[in-house]
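Below: coords.txt (compact mmCIF, C-alpha atoms)
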# COMPACT_ATOMS: atom_id res chain seq x y z
CA MET V 5 162.86 48.32 103.96
CA MET V 6 160.99 48.22 100.69
CA THR V 7 161.44 51.40 98.63
CA ILE V 8 160.11 52.69 95.35
CA ASP V 9 162.46 51.91 92.47
CA LYS V 10 163.45 55.43 91.52
CA PHE V 11 164.31 54.27 87.99
CA ARG V 12 160.92 52.61 87.48
CA PRO V 13 158.24 54.60 89.27
CA GLY V 14 154.97 53.01 88.25
CA ARG V 15 152.08 50.96 89.63
CA LEU V 16 151.79 48.76 92.70
CA ASP V 17 149.22 46.16 93.67
CA ILE V 18 147.42 46.68 96.97
CA ALA V 19 149.66 44.32 98.98
CA HIS V 20 152.89 46.08 97.98
CA PHE V 21 151.27 49.50 98.26
CA LEU V 22 150.26 48.82 101.88
CA GLU V 23 153.70 47.43 102.66
CA LEU V 24 155.28 50.64 101.47
CA ALA V 25 152.68 52.83 103.18
CA GLY V 26 154.29 52.09 106.52
CA THR V 27 157.31 54.21 105.58
CA VAL V 28 156.39 56.23 102.49
CA PRO V 29 153.79 59.05 102.72
CA VAL V 30 150.49 58.48 100.92
CA ILE V 31 148.46 61.13 99.12
CA ASP V 32 144.82 60.78 98.12
CA VAL V 33 144.17 62.85 94.98
CA ARG V 34 140.39 62.42 94.96
CA SER V 35 138.06 65.34 95.62
CA PRO V 36 137.56 66.63 99.19
CA SER V 37 134.10 65.08 99.50
CA GLU V 38 135.39 61.66 98.40
CA TYR V 39 138.22 61.93 100.91
CA ALA V 40 135.85 62.99 103.70
CA ALA V 41 133.62 59.97 103.07
CA GLY V 42 136.54 57.62 103.63
CA HIS V 43 140.26 57.34 102.91
CA MET V 44 143.34 55.38 103.83
CA PRO V 45 144.19 56.32 107.42
CA GLY V 46 147.13 58.69 107.40
CA ALA V 47 146.73 59.68 103.75
CA LEU V 48 147.03 63.40 102.93
CA ASN V 49 144.43 64.88 100.58
CA ILE V 50 145.94 66.78 97.64
CA PRO V 51 142.98 66.75 95.24
CA VAL V 52 143.50 67.01 91.49
CA PHE V 53 140.00 68.54 91.28
CA ASN V 54 137.78 70.09 93.91
CA ASP V 55 134.19 68.85 94.05
CA SER V 56 132.76 71.30 91.52
CA GLU V 57 135.67 70.81 89.10
CA ARG V 58 135.25 67.04 89.29
CA ALA V 59 131.57 67.41 88.38
CA ILE V 60 132.43 69.63 85.40
CA VAL V 61 135.06 67.22 84.04
CA GLY V 62 132.80 64.22 84.60
CA THR V 63 129.97 65.84 82.70
CA ARG V 64 132.32 66.74 79.82
CA TYR V 65 133.57 63.16 79.71
CA LYS V 66 130.07 61.69 79.50
CA LYS V 67 128.93 64.11 76.82
CA GLU V 68 132.04 64.50 74.66
CA GLY V 69 134.53 61.79 75.60
CA ARG V 70 137.99 61.42 77.07
CA ILE V 71 140.06 64.00 75.19
CA PRO V 72 137.68 66.95 75.72
CA ALA V 73 137.50 65.97 79.40
CA ILE V 74 141.30 66.01 79.67
CA VAL V 75 141.46 69.42 78.00
CA GLU V 76 138.81 70.74 80.40
CA GLY V 77 140.65 69.27 83.36
CA LEU V 78 143.93 70.92 82.36
CA ARG V 79 142.17 74.24 81.93
CA LEU V 80 140.74 73.99 85.43
CA ILE V 81 143.83 72.87 87.32
CA GLY V 82 146.46 74.79 85.36
CA PRO V 83 146.60 77.79 87.72
CA GLU V 84 146.81 75.45 90.76
CA MET V 85 149.55 73.11 89.50
CA SER V 86 152.39 74.91 91.25
CA LYS V 87 150.52 74.85 94.55
CA LYS V 88 149.84 71.12 94.27
CA LEU V 89 153.49 70.44 93.48
CA GLU V 90 154.54 72.48 96.50
CA GLN V 91 152.19 70.42 98.67
CA GLY V 92 153.66 67.24 97.25
CA LEU V 93 157.21 68.40 97.88
CA ALA V 94 156.30 69.21 101.48
CA ALA V 95 154.66 65.80 101.97
CA ALA V 96 157.37 63.65 100.35
CA ARG V 97 159.84 61.70 102.44
CA GLU V 98 163.27 61.11 100.93
CA GLY V 99 161.79 62.14 97.58
CA GLN V 100 159.10 59.46 97.59
CA LEU V 101 155.31 59.43 97.58
CA LEU V 102 152.51 56.91 97.10
CA VAL V 103 149.46 58.09 95.15
CA TYR V 104 145.93 56.82 94.72
CA CYS V 105 142.64 58.01 93.22
CA TRP V 106 139.32 56.18 92.81
CA ARG V 107 140.34 53.59 90.18
CA GLY V 108 144.05 54.28 89.69
CA GLY V 109 143.39 56.14 86.46
CA MET V 110 143.88 59.62 85.09
CA ARG V 111 143.83 61.55 88.35
CA SER V 112 146.58 59.56 90.04
CA GLU V 113 148.60 59.31 86.81
CA SER V 114 148.40 63.06 86.22
CA MET V 115 149.45 63.79 89.80
CA ALA V 116 152.35 61.32 89.50
CA TRP V 117 153.49 63.15 86.35
CA LEU V 118 153.27 66.53 88.09
CA LEU V 119 155.21 65.25 91.10
CA SER V 120 157.89 63.82 88.83
CA LEU V 121 158.58 67.36 87.58
CA GLY V 122 159.64 68.14 91.13
CA GLY V 123 161.94 65.11 91.27
CA ILE V 124 159.57 63.05 93.41
CA ASN V 125 159.52 59.30 92.76
CA THR V 126 155.95 58.04 92.89
CA ALA V 127 154.06 54.79 92.75
CA VAL V 128 150.36 54.62 91.91
CA LEU V 129 147.95 52.13 93.46
CA GLU V 130 146.69 49.74 90.80
CA GLY V 131 142.89 49.81 90.93
CA GLY V 132 142.91 52.81 93.26
CA TYR V 133 140.82 53.28 96.37
CA LYS V 134 138.26 50.83 94.98
CA ALA V 135 140.88 48.06 95.06
CA TYR V 136 141.80 49.07 98.61
CA ARG V 137 138.17 48.83 99.74
CA ASN V 138 137.66 45.44 98.11
CA HIS V 139 140.85 44.19 99.74
CA LEU V 140 140.01 45.40 103.24
CA LEU V 141 136.44 44.10 103.19
CA SER V 142 137.71 40.66 102.14
CA PHE V 143 140.37 40.81 104.85
CA LEU V 144 137.88 41.78 107.56
CA ALA V 145 135.58 38.93 106.44
CA GLU V 146 138.21 36.30 107.17
CA LYS V 147 137.58 34.15 110.23
CA ARG V 148 140.02 34.96 113.03
CA LYS V 149 140.39 33.97 116.66
CA ILE V 150 138.14 36.42 118.48
CA ILE V 151 137.16 36.67 122.14
CA VAL V 152 134.17 38.92 122.74
CA LEU V 153 134.10 40.70 126.08
CA GLY V 154 130.47 41.10 127.08
CA GLY V 155 128.68 42.30 130.16
CA MET V 156 126.08 44.69 131.51
CA THR V 157 126.32 48.42 130.91
CA GLY V 158 128.73 49.98 133.39
CA SER V 159 130.80 46.87 133.98
CA GLY V 160 133.94 48.63 132.77
CA LYS V 161 134.48 46.64 129.58
CA THR V 162 136.40 49.40 127.81
CA HIS V 163 138.70 49.87 130.81
CA ILE V 164 139.21 46.11 131.10
CA LEU V 165 140.18 45.91 127.43
CA ARG V 166 142.75 48.66 127.97
CA GLN V 167 144.22 46.68 130.85
CA LEU V 168 144.30 43.53 128.73
CA LYS V 169 146.19 45.45 126.05
CA ALA V 170 148.65 46.69 128.68
CA LEU V 171 149.16 43.05 129.67
CA GLY V 172 150.17 42.19 126.11
CA GLU V 173 146.87 40.92 124.76
CA GLN V 174 145.71 41.82 121.24
CA VAL V 175 142.79 44.25 121.51
CA ILE V 176 140.68 46.19 119.03
CA ASP V 177 138.80 49.15 120.52
CA LEU V 178 135.65 49.24 118.38
CA GLU V 179 133.99 52.01 120.38
CA GLY V 180 137.11 54.14 120.37
CA THR V 181 137.38 53.71 116.60
CA ALA V 182 133.70 54.61 116.21
CA SER V 183 133.93 57.60 118.60
CA HIS V 184 130.85 56.32 120.42
CA LYS V 185 130.23 54.26 123.57
CA GLY V 186 127.42 52.25 122.06
CA SER V 187 124.40 53.43 124.05
CA ALA V 188 121.96 56.32 123.82
CA PHE V 189 124.44 58.16 126.05
CA GLY V 190 127.38 57.05 123.91
CA SER V 191 127.95 60.28 122.01
CA LEU V 192 128.39 62.37 125.17
CA GLY V 193 131.88 63.84 125.31
CA GLN V 194 132.90 62.17 122.05
CA PRO V 195 134.21 63.71 118.81
CA PRO V 196 132.05 63.41 115.66
CA GLN V 197 131.68 59.85 114.43
CA PRO V 198 133.42 58.74 111.23
CA SER V 199 131.37 57.47 108.32
CA THR V 200 130.67 53.73 108.25
CA GLU V 201 133.07 53.53 105.31
CA HIS V 202 135.93 55.23 107.11
CA PHE V 203 135.27 53.24 110.29
CA ALA V 204 135.95 50.06 108.28
CA ASN V 205 139.15 51.64 106.93
CA MET V 206 140.40 52.39 110.45
CA LEU V 207 139.33 48.95 111.69
CA PHE V 208 141.31 47.32 108.89
CA ASP V 209 144.32 49.53 109.60
CA SER V 210 144.47 48.10 113.14
CA TRP V 211 143.31 44.56 112.35
CA ARG V 212 145.89 43.85 109.61
CA LEU V 213 148.81 44.50 111.98
CA LEU V 214 147.77 41.82 114.49
CA ASP V 215 149.13 38.30 114.73
CA PRO V 216 146.55 36.01 113.09
CA ASP V 217 147.65 33.09 115.27
CA ARG V 218 146.74 34.86 118.51
CA PRO V 219 143.21 35.74 119.68
CA VAL V 220 141.90 39.29 119.49
CA TRP V 221 139.71 40.75 122.25
CA VAL V 222 136.81 42.99 121.20
CA GLU V 223 133.89 44.44 123.11
CA ASP V 224 130.43 42.99 122.60
CA GLU V 225 128.51 45.26 120.22
CA SER V 226 125.33 45.30 118.22
CA ARG V 227 125.63 45.73 114.44
CA ASN V 228 125.75 49.50 114.87
CA ILE V 229 127.76 51.66 117.25
CA GLY V 230 125.85 54.93 117.19
CA SER V 231 125.52 55.83 113.51
CA VAL V 232 128.39 53.55 112.44
CA PHE V 233 127.77 50.01 111.23
CA LEU V 234 130.22 47.13 111.55
CA PRO V 235 131.12 45.35 108.29
CA GLU V 236 128.59 42.57 107.82
CA ASP V 237 130.98 39.60 107.68
CA PHE V 238 133.12 40.96 110.52
CA PHE V 239 130.01 41.27 112.69
CA SER V 240 128.94 37.75 111.72
CA ASN V 241 132.31 36.42 112.90
CA MET V 242 131.86 38.26 116.19
CA GLN V 243 128.43 36.68 116.61
CA ASN V 244 129.99 33.24 116.33
CA ALA V 245 132.94 33.97 118.60
CA ARG V 246 133.48 32.95 122.19
CA VAL V 247 131.85 35.38 124.65
CA ILE V 248 133.05 36.05 128.17
CA ALA V 249 130.50 38.23 129.98
CA ILE V 250 131.40 40.35 133.01
CA MET V 251 128.54 40.20 135.49
CA MET V 252 128.08 42.46 138.51
CA ASP V 253 125.17 44.02 140.36
CA VAL V 254 123.88 47.57 139.92
CA ALA V 255 125.48 48.82 143.16
CA THR V 256 128.91 47.73 141.92
CA ARG V 257 128.47 49.43 138.55
CA MET V 258 126.94 52.65 139.86
CA PRO V 259 130.11 54.51 141.03
CA ARG V 260 131.79 54.31 137.62
CA LEU V 261 128.63 55.34 135.78
CA LEU V 262 128.12 58.28 138.13
CA GLU V 263 131.70 59.39 137.63
CA GLU V 264 131.38 59.04 133.86
CA TYR V 265 128.05 60.79 133.28
CA SER V 266 127.34 63.17 136.18
CA CYS V 267 129.69 65.75 134.63
CA PHE V 268 127.44 66.32 131.60
CA PRO V 269 124.77 69.07 131.46
CA ALA V 270 121.26 68.02 132.43
CA GLU V 271 119.87 68.81 128.98
CA GLU V 272 122.34 66.48 127.29
CA LEU V 273 121.45 63.67 129.71
CA LYS V 274 117.73 64.27 129.15
CA ASN V 275 118.20 64.20 125.38
CA SER V 276 119.91 60.84 125.72
CA VAL V 277 117.08 59.45 127.86
CA THR V 278 114.54 60.71 125.32
CA LYS V 279 116.27 58.70 122.56
CA ILE V 280 115.21 55.45 124.26
CA SER V 281 111.88 56.67 125.64
CA ARG V 282 109.77 54.42 123.40
CA ARG V 283 111.62 51.35 124.60
CA MET V 284 111.84 52.41 128.24
CA GLY V 285 108.15 53.23 128.45
CA GLY V 286 106.41 56.45 129.40
CA ASP V 287 106.48 56.04 133.18
CA SER V 288 110.17 55.10 133.36
CA THR V 289 111.14 57.89 130.97
CA ARG V 290 109.20 60.48 132.94
CA GLU V 291 110.72 59.31 136.22
CA ALA V 292 114.26 59.40 134.78
CA LEU V 293 113.77 62.91 133.37
CA GLU V 294 112.40 64.16 136.68
CA ALA V 295 115.35 62.64 138.52
CA ILE V 296 117.77 64.51 136.24
CA ASP V 297 115.89 67.78 136.81
CA ALA V 298 116.15 67.18 140.54
CA GLY V 299 119.89 66.53 140.28
CA ASN V 300 119.46 62.88 141.27
CA ILE V 301 121.66 61.44 138.52
CA ALA V 302 122.09 58.16 140.39
CA ARG V 303 118.36 57.51 140.25
CA ALA V 304 118.21 58.34 136.54
CA ILE V 305 121.07 55.92 135.88
CA GLU V 306 119.37 53.21 137.94
CA ILE V 307 116.19 53.54 135.89
CA SER V 308 118.10 53.50 132.61
CA LEU V 309 120.07 50.42 133.70
CA LYS V 310 116.85 48.42 134.09
CA TYR V 311 116.24 48.99 130.39
CA TYR V 312 119.81 48.27 129.34
CA ASP V 313 120.09 45.12 131.44
CA LYS V 314 116.92 43.73 129.84
CA ALA V 315 118.16 44.76 126.42
CA TYR V 316 121.48 42.98 127.03
CA GLU V 317 119.78 39.72 127.99
CA HIS V 318 117.49 40.02 124.99
CA GLY V 319 120.46 40.57 122.70
CA ARG V 320 122.32 37.67 124.26
CA ALA V 321 119.42 35.34 123.44
CA LYS V 322 119.81 36.22 119.75
CA LYS V 323 123.52 35.39 119.56
CA VAL V 324 124.55 32.27 117.72
CA SER V 325 127.76 31.69 119.68
CA HIS V 326 127.87 28.26 121.28
CA ILE V 327 130.46 29.35 123.85
CA PHE V 328 129.07 31.89 126.30
CA VAL V 329 130.51 32.18 129.80
CA LYS V 330 129.25 34.46 132.57
CA ILE V 331 131.74 35.39 135.27
CA TYR V 332 130.54 37.25 138.36
CA PHE V 333 132.77 39.85 140.01
CA PRO V 334 132.03 41.49 143.37
CA SER V 335 134.01 44.65 142.61
CA LEU V 336 134.97 46.77 139.64
CA ASP V 337 138.74 46.38 139.93
CA THR V 338 139.60 46.44 136.23
CA ASP V 339 143.24 45.49 136.80
CA LYS V 340 142.33 42.33 138.73
CA ILE V 341 139.57 41.45 136.27
CA ALA V 342 141.93 41.83 133.30
CA LYS V 343 144.57 39.60 134.90
CA PHE V 344 141.90 37.02 135.74
CA LEU V 345 140.62 37.06 132.15
CA GLN V 346 144.10 36.71 130.72
CA ASN V 347 144.74 33.63 132.88
CA TYR V 348 141.26 32.28 132.18
CA LYS V 349 141.83 32.63 128.45
CA SER V 350 145.19 30.87 128.67
CA ASN V 351 143.83 27.95 130.68
CA THR V 352 140.60 27.46 128.76
CA PRO V 353 140.29 25.65 125.41
CA ASN V 354 138.58 27.09 122.32
CA THR V 355 140.21 30.51 122.63
Take the structure in the file and give it back as structure tokens.
Amino acid sequence: MMTIDKFRPGRLDIAHFLELAGTVPVIDVRSPSEYAAGHMPGALNIPVFNDSERAIVGTRYKKEGRIPAIVEGLRLIGPEMSKKLEQGLAAAREGQLLVYCWRGGMRSESMAWLLSLGGINTAVLEGGYKAYRNHLLSFLAEKRKIIVLGGMTGSGKTHILRQLKALGEQVIDLEGTASHKGSAFGSLGQPPQPSTEHFANMLFDSWRLLDPDRPVWVEDESRNIGSVFLPEDFFSNMQNARVIAIMMDVATRMPRLLEEYSCFPAEELKNSVTKISRRMGGDSTREALEAIDAGNIARAIEISLKYYDKAYEHGRAKKVSHIFVKIYFPSLDTDKIAKFLQNYKSNTPNT
């Protein structure tokens, strides 16, 4: 196991920092708002400055220079130094911590100094969070073996991917990471979505641990999943990947959709229908809303599926992938479908 050299605590490049991050706790010393916008998954926020303090120090730096800014920063954080050290001591594992700020400059260096007073060995990320972001975006842009699982709404793609993972396949759950199921109804029952920035961080955190020589299954998505956008180059690679589309009729898909959405309040369902009203058309929207009011959720789903099925075919026509296979299934047995897909993948070239 790689450990921080306790006699030479100092700076690490991003590759070594990430290698250590698997066993050594990481603290993000940026302000709370910076951390909330995006951070290394698993990192604990122990900010040198809160948001207002950061603004004060930044203004002092721009107007008067580095030394006055340092003096102002010390004045602001002085009363809180003991608390920050206590937090660091609580977070450390075997007396070790990894530290990063925005650029790997004064904030991370000052926190490393403070932690050293408590006997904590620290290493600072060279280039800071900015270096981490540049690294992950380059990593996610690399071409990898991807199999895109497509299919009509309600064909159980998420459940099939879970079964594939249970069978030993490499799977990335894009919708789970985005906290959204990808449709106008996708936010129902979901926690708040991460920022697009933090979504990429979490995607990278999963992606980098996979075997690059084996294919990775992902669900077919548009560029955005709710309010979250896929990294541009990652999405481009998906667009060029092999697609296996699960096809089944409305009657086969209906039971799962009813089970999934009939539990939500009518007003939430109606709000979701309203989001796509312009694309569904006035008559279809009105009929779907009336069906919900009447408690006929199955009818509302059937109307909505007509829109989503057309939208799927329209989206498929725009894809640039040269390998697109449709496979028809008479039932929604996700276990059997997953086993079939695993065998199909193994016995088919270009995967």
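Interatomic distance, atom CA of V:Lys340 against atom CA of V:Gly155: 16.1 Å.
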Any idea what's packed within 9 Å of V:Leu140, counting all atoms listed in the file, ignoring anything in its chain fewer than 2 positions away? Could you give it as a PDB file with C-alpha atoms, keeping the file's coordinate frame?
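Contents of the output file result-v7.pdb:
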ATOM      1  CA  ALA V 135     140.880  48.060  95.060  1.00  0.00           C
ATOM      2  CA  TYR V 136     141.800  49.070  98.610  1.00  0.00           C
ATOM      3  CA  ARG V 137     138.170  48.830  99.740  1.00  0.00           C
ATOM      4  CA  ASN V 138     137.660  45.440  98.110  1.00  0.00           C
ATOM      5  CA  SER V 142     137.710  40.660 102.140  1.00  0.00           C
ATOM      6  CA  PHE V 143     140.370  40.810 104.850  1.00  0.00           C
ATOM      7  CA  LEU V 144     137.880  41.780 107.560  1.00  0.00           C
ATOM      8  CA  ALA V 145     135.580  38.930 106.440  1.00  0.00           C
ATOM      9  CA  ALA V 204     135.950  50.060 108.280  1.00  0.00           C
ATOM     10  CA  ASN V 205     139.150  51.640 106.930  1.00  0.00           C
ATOM     11  CA  PHE V 208     141.310  47.320 108.890  1.00  0.00           C
ATOM     12  CA  ASP V 209     144.320  49.530 109.600  1.00  0.00           C
ATOM     13  CA  ARG V 212     145.890  43.850 109.610  1.00  0.00           C
TER      14      ARG V 212
END
Could you give me, as a PyMOL selection string, the residues within 8 Å of V:Ser308, counting all atoms listed in the file and dropping anything in the same chain fewer than 4 positions from it? chain V and resi 277+284+292+304+312
Could you pull the residues within 9 Å of V:Leu192, counting all atoms listed in the file, minus those fewer than 2 positions along the same chain, as a list in words? His184, Lys185, Ala188, Phe189, Gly190, Gln194, Pro195, Tyr265, Phe268, Glu272, Leu273 and Ser276 of chain V
Under the rule that all atoms listed in the file are counted, which of V:Trp117, V:Tyr316, V:Phe238, V:Phe333 is the nearest residue to V:Trp211?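 Using all atoms listed in the file, the shortest distance to V:Trp211 belongs to V:Phe238.
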Shortest interatomic distance to V:Arg97 - which of V:Val30, V:Asp253, V:Tyr39, V:Leu118, counting only C-alpha atoms: V:Val30
Shell around V:Arg107 at 7 Å using all atoms listed in the file, local window under 5 positions removed, as number ranges by chain: V: 131-134
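Within 10 Å of V:Leu207, once only C-alpha atoms are used and residues closer than 5 positions along the same chain are dropped, the contacting residues are Pro45, Leu140, Leu144, Ile176, Asp177, Leu178, Thr181, Ala182, His202, Arg212, Leu234 and Pro235 of chain V.
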Those same residues - C-alpha atoms - I'd like them written as a PDB file, keeping the file's coordinate frame.
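So the final result, stored in out.pdb, reads:
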ATOM      1  CA  PRO V  45     144.190  56.320 107.420  1.00  0.00           C
ATOM      2  CA  LEU V 140     140.010  45.400 103.240  1.00  0.00           C
ATOM      3  CA  LEU V 144     137.880  41.780 107.560  1.00  0.00           C
ATOM      4  CA  ILE V 176     140.680  46.190 119.030  1.00  0.00           C
ATOM      5  CA  ASP V 177     138.800  49.150 120.520  1.00  0.00           C
ATOM      6  CA  LEU V 178     135.650  49.240 118.380  1.00  0.00           C
ATOM      7  CA  THR V 181     137.380  53.710 116.600  1.00  0.00           C
ATOM      8  CA  ALA V 182     133.700  54.610 116.210  1.00  0.00           C
ATOM      9  CA  HIS V 202     135.930  55.230 107.110  1.00  0.00           C
ATOM     10  CA  ARG V 212     145.890  43.850 109.610  1.00  0.00           C
ATOM     11  CA  LEU V 234     130.220  47.130 111.550  1.00  0.00           C
ATOM     12  CA  PRO V 235     131.120  45.350 108.290  1.00  0.00           C
TER      13      PRO V 235
END
d(atom CA of V:Ile18, atom CA of V:Val128) in Å: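 It comes out at 9.9 Å.
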Considering all atoms listed in the file, state which residue in the set V:Ala59, V:Ala95, V:Ile327, V:Leu102 is at the smallest distance from V:Ile151. V:Ile327
Axis-aligned box over every listed atom of stretch 100-115 of chain V, padded by 5 Å per side: centre and edges in Å to one decimal, as lines of an AutoDock Vina configuration file?
center_x = 149.2
center_y = 58.7
center_z = 91.3
size_x = 29.8
size_y = 20.2
size_z = 22.5
Please determine, counting all atoms listed in the file, which residue among V:His318, V:Leu48, V:Thr338, V:Trp106 has the shortest atom-to-atom distance to V:Val28. V:Leu48
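If only C-alpha atoms are the atoms counted, then among V:Ile60, V:Leu89, V:Ala295, V:Ile164 the closest residue to V:Glu76 is V:Ile60.
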Between V:Pro219, V:Pro36, V:Gly186, V:Pro196, which residue has the minimum interatomic distance to V:Lys169, considering all atoms listed in the file? V:Pro219
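We find atom CA of V:Ser335 and atom CA of V:Leu309 to be spaced 17.5 Å apart.
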